[in-house]
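The data block below is start_34.pdb; it holds PDB, C-alpha atoms.
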MODEL        1
ATOM      1  CA  MET A  26     117.302 128.976 104.615
ATOM      2  CA  ARG A  27     118.434 126.782 101.702
ATOM      3  CA  THR A  28     117.671 127.742  98.105
ATOM      4  CA  ASP A  29     115.040 124.982  97.655
ATOM      5  CA  GLU A  30     113.340 125.999 100.930
ATOM      6  CA  ARG A  31     113.295 129.622  99.778
ATOM      7  CA  ALA A  32     111.691 128.600  96.469
ATOM      8  CA  VAL A  33     108.989 126.622  98.273
ATOM      9  CA  ALA A  34     108.346 129.561 100.633
ATOM     10  CA  LEU A  35     107.735 131.843  97.640
ATOM     11  CA  GLU A  36     105.275 129.514  95.904
ATOM     12  CA  PRO A  37     101.595 130.425  96.217
ATOM     13  CA  ARG A  38     100.056 128.460  99.047
ATOM     14  CA  PRO A  39      97.566 125.865  97.832
ATOM     15  CA  VAL A  40      93.926 126.019  98.717
ATOM     16  CA  VAL A  41      92.856 122.808 100.440
ATOM     17  CA  VAL A  42      89.327 121.672  99.577
ATOM     18  CA  LYS A  43      87.757 118.837 101.576
ATOM     19  CA  LEU A  44      85.159 117.017  99.506
ATOM     20  CA  GLY A  45      83.114 115.084 102.010
ATOM     21  CA  GLY A  46      80.512 112.463 101.319
ATOM     22  CA  SER A  47      77.605 114.914 101.278
ATOM     23  CA  VAL A  48      79.246 116.952  98.499
ATOM     24  CA  VAL A  49      80.214 113.875  96.510
ATOM     25  CA  ARG A  50      76.625 112.600  96.681
ATOM     26  CA  SER A  51      75.220 116.024  95.813
ATOM     27  CA  PRO A  52      73.981 117.115  92.394
ATOM     28  CA  GLU A  53      76.199 120.191  92.911
ATOM     29  CA  LEU A  54      79.406 118.117  92.633
ATOM     30  CA  PRO A  55      80.003 119.016  88.950
ATOM     31  CA  ALA A  56      79.653 122.728  89.771
ATOM     32  CA  TRP A  57      82.116 122.386  92.675
ATOM     33  CA  LEU A  58      84.599 120.615  90.415
ATOM     34  CA  ASP A  59      84.228 123.333  87.767
ATOM     35  CA  VAL A  60      84.996 126.051  90.334
ATOM     36  CA  ILE A  61      87.983 124.087  91.634
ATOM     37  CA  ALA A  62      89.302 123.509  88.097
ATOM     38  CA  ALA A  63      89.034 127.238  87.331
ATOM     39  CA  SER A  64      91.004 128.351  90.395
ATOM     40  CA  ALA A  65      93.992 130.564  89.715
ATOM     41  CA  ARG A  66      95.621 129.250  92.901
ATOM     42  CA  PRO A  67      96.970 125.728  93.307
ATOM     43  CA  VAL A  68      94.333 123.412  94.768
ATOM     44  CA  VAL A  69      94.617 120.119  96.590
ATOM     45  CA  ILE A  70      91.416 118.152  97.056
ATOM     46  CA  VAL A  71      91.202 116.025 100.180
ATOM     47  CA  PRO A  72      88.440 113.467  99.636
ATOM     48  CA  GLY A  73      86.361 112.106 102.445
ATOM     49  CA  GLY A  74      85.478 108.460 102.397
ATOM     50  CA  GLY A  75      81.877 109.035 101.358
ATOM     51  CA  ALA A  76      79.621 106.023 101.038
ATOM     52  CA  LEU A  77      82.672 103.751 101.098
ATOM     53  CA  ALA A  78      83.614 104.927 104.612
ATOM     54  CA  ASP A  79      79.969 104.552 105.644
ATOM     55  CA  GLU A  80      80.182 100.924 104.537
ATOM     56  CA  VAL A  81      83.348 100.461 106.616
ATOM     57  CA  ARG A  82      81.464 101.763 109.677
ATOM     58  CA  ALA A  83      78.589  99.377 109.000
ATOM     59  CA  ALA A  84      80.938  96.439 108.412
ATOM     60  CA  GLN A  85      82.803  97.177 111.641
ATOM     61  CA  ALA A  86      79.543  97.171 113.598
ATOM     62  CA  ARG A  87      78.385  93.979 111.876
ATOM     63  CA  LEU A  88      81.656  92.012 111.955
ATOM     64  CA  GLY A  89      83.315  93.484 115.036
ATOM     65  CA  PHE A  90      86.832  94.165 113.741
ATOM     66  CA  GLY A  91      88.913  96.715 115.635
ATOM     67  CA  ASP A  92      89.480 100.411 115.136
ATOM     68  CA  GLY A  93      92.944  99.864 113.632
ATOM     69  CA  ALA A  94      91.496  97.844 110.765
ATOM     70  CA  ALA A  95      88.599 100.284 110.365
ATOM     71  CA  HIS A  96      91.047 103.208 110.253
ATOM     72  CA  ARG A  97      93.049 101.634 107.449
ATOM     73  CA  MET A  98      89.888 100.676 105.568
ATOM     74  CA  ALA A  99      88.533 104.241 105.875
ATOM     75  CA  LEU A 100      91.824 105.596 104.516
ATOM     76  CA  LEU A 101      91.525 103.187 101.596
ATOM     77  CA  ALA A 102      87.984 104.520 101.069
ATOM     78  CA  MET A 103      89.491 108.008 100.829
ATOM     79  CA  ASP A 104      92.015 106.726  98.282
ATOM     80  CA  GLN A 105      89.221 105.181  96.224
ATOM     81  CA  LEU A 106      87.245 108.416  96.285
ATOM     82  CA  ALA A 107      90.420 110.293  95.279
ATOM     83  CA  TRP A 108      90.667 108.125  92.162
ATOM     84  CA  ALA A 109      86.981 108.660  91.408
ATOM     85  CA  VAL A 110      87.271 112.452  91.736
ATOM     86  CA  GLY A 111      90.540 112.468  89.802
ATOM     87  CA  GLY A 112      88.776 110.702  86.954
ATOM     88  CA  LEU A 113      85.963 113.241  86.737
ATOM     89  CA  ARG A 114      87.947 116.113  85.233
ATOM     90  CA  ALA A 115      90.861 116.474  82.858
ATOM     91  CA  GLY A 116      93.667 118.210  84.711
ATOM     92  CA  PHE A 117      92.945 116.525  88.055
ATOM     93  CA  GLU A 118      95.846 114.354  89.178
ATOM     94  CA  VAL A 119      95.878 111.878  92.055
ATOM     95  CA  GLY A 120      98.957 111.900  94.257
ATOM     96  CA  ASP A 121     100.027 110.224  97.460
ATOM     97  CA  THR A 122     103.047 112.272  98.521
ATOM     98  CA  GLU A 123     103.803 115.951  99.001
ATOM     99  CA  GLU A 124     106.310 115.739  96.155
ATOM    100  CA  VAL A 125     103.721 114.370  93.721
ATOM    101  CA  LEU A 126     101.121 116.934  94.828
ATOM    102  CA  ARG A 127     103.611 119.791  94.341
ATOM    103  CA  SER A 128     104.458 118.398  90.902
ATOM    104  CA  SER A 129     100.764 118.560  90.022
ATOM    105  CA  PHE A 130     100.723 122.258  90.958
ATOM    106  CA  ALA A 131     103.871 122.900  88.933
ATOM    107  CA  HIS A 132     102.152 121.446  85.867
ATOM    108  CA  GLY A 133      98.964 123.487  86.377
ATOM    109  CA  ARG A 134      96.904 120.539  87.552
ATOM    110  CA  VAL A 135      94.544 120.143  90.482
ATOM    111  CA  ALA A 136      96.054 117.740  93.014
ATOM    112  CA  VAL A 137      93.800 115.086  94.549
ATOM    113  CA  TRP A 138      95.341 113.532  97.653
ATOM    114  CA  ALA A 139      95.210 109.769  98.169
ATOM    115  CA  PRO A 140      96.277 109.620 101.839
ATOM    116  CA  TYR A 141      96.722 105.917 102.573
ATOM    117  CA  SER A 142     100.449 105.538 101.912
ATOM    118  CA  LEU A 143     101.399 108.589 103.994
ATOM    119  CA  VAL A 144      98.993 108.135 106.887
ATOM    120  CA  ALA A 145      98.151 104.453 107.431
ATOM    121  CA  GLY A 146     101.222 103.464 109.415
ATOM    122  CA  ARG A 147     101.585 106.590 111.541
ATOM    123  CA  SER A 148     101.309 105.961 115.247
ATOM    124  CA  ASP A 149     100.773 109.676 116.032
ATOM    125  CA  ILE A 150      97.357 109.701 114.343
ATOM    126  CA  PRO A 151      94.577 108.223 116.478
ATOM    127  CA  GLN A 152      92.949 105.237 114.822
ATOM    128  CA  VAL A 153      89.412 106.138 115.798
ATOM    129  CA  TRP A 154      86.355 107.518 113.986
ATOM    130  CA  THR A 155      86.529 110.898 115.739
TER     131      THR A 155
ENDMDL
END
Translate this file's structure into structure tokens.
Amino acid sequence: MRTDERAVALEPRPVVVKLGGSVVRSPELPAWLDVIAASARPVVIVPGGGALADEVRAAQARLGFGDGAAHRMALLAMDQLAWAVGGLRAGFEVGDTEEVLRSSFAHGRVAVWAPYSLVAGRSDIPQVWT
């Protein structure tokens, strides 16, 4: 094991919190964000697409574009929600790569993942709503 791999292995593992649309629309969202911000462990928030992804579903049904386009649009909805959540609390930082997310942890910030750039072009991830 290389020195940098050893250092990563010794870091506290982050807690991954999925904030789906129902939480984002909920009046409890500020309380959830307060708990997340107070965590002693590193946290990465994975946003759902929320109402924006719901609109993609509706637009796909209405306009008839394919699942590939809908997949990319839903990922962009997740990115948009990441920026919204990141803007709700000081100390929340949006990142799109593992390196940026780890940097957030190193600086004592909550990482909010914007997945589009890492996930959109991957052929091993099914481009379907399931």
Inset, instruction - Report the distance between atom CA of Gly112 of chain A and atom CA of Ala84 of chain A in Å, rounded to one decimal place. - result: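 Calculated distance between atom CA of Gly112 of chain A and atom CA of Ala84 of chain A is 26.9 Å.
Residue nearest Trp138 of chain A, chosen from A:Gln85, A:Ser64, A:Gln105, A:Ser47 and counting only C-alpha atoms: A:Gln105.
Comparing the minimum interatomic distances between Arg114 of chain A and each of A:Val41, A:Leu143, A:Val137, A:Ala86, counting all atoms listed in the file, we find that A:Val137 sits nearest.
Applied to the file shown here, the PyMOL selection byres ((chain A and resi 71) around 8) selects Val41, Val42, Lys43, Leu44, Val69, Ile70, Pro72, Gly73, Ala107, Val137, Trp138 and Ala139 of chain A.
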Legend entry - Residues matched by the PyMOL selection byres ((chain A and resi 78) around 10), written as a list in words: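 Going through the file, the PyMOL selection byres ((chain A and resi 78) around 10) ends up selecting Gly46, Gly73, Gly74, Gly75, Ala76, Leu77, Asp79, Glu80, Val81, Arg82, Ala83, Ala84, Ala95, His96, Met98, Ala99, Leu100, Leu101, Ala102, Met103 and Leu106 of chain A.
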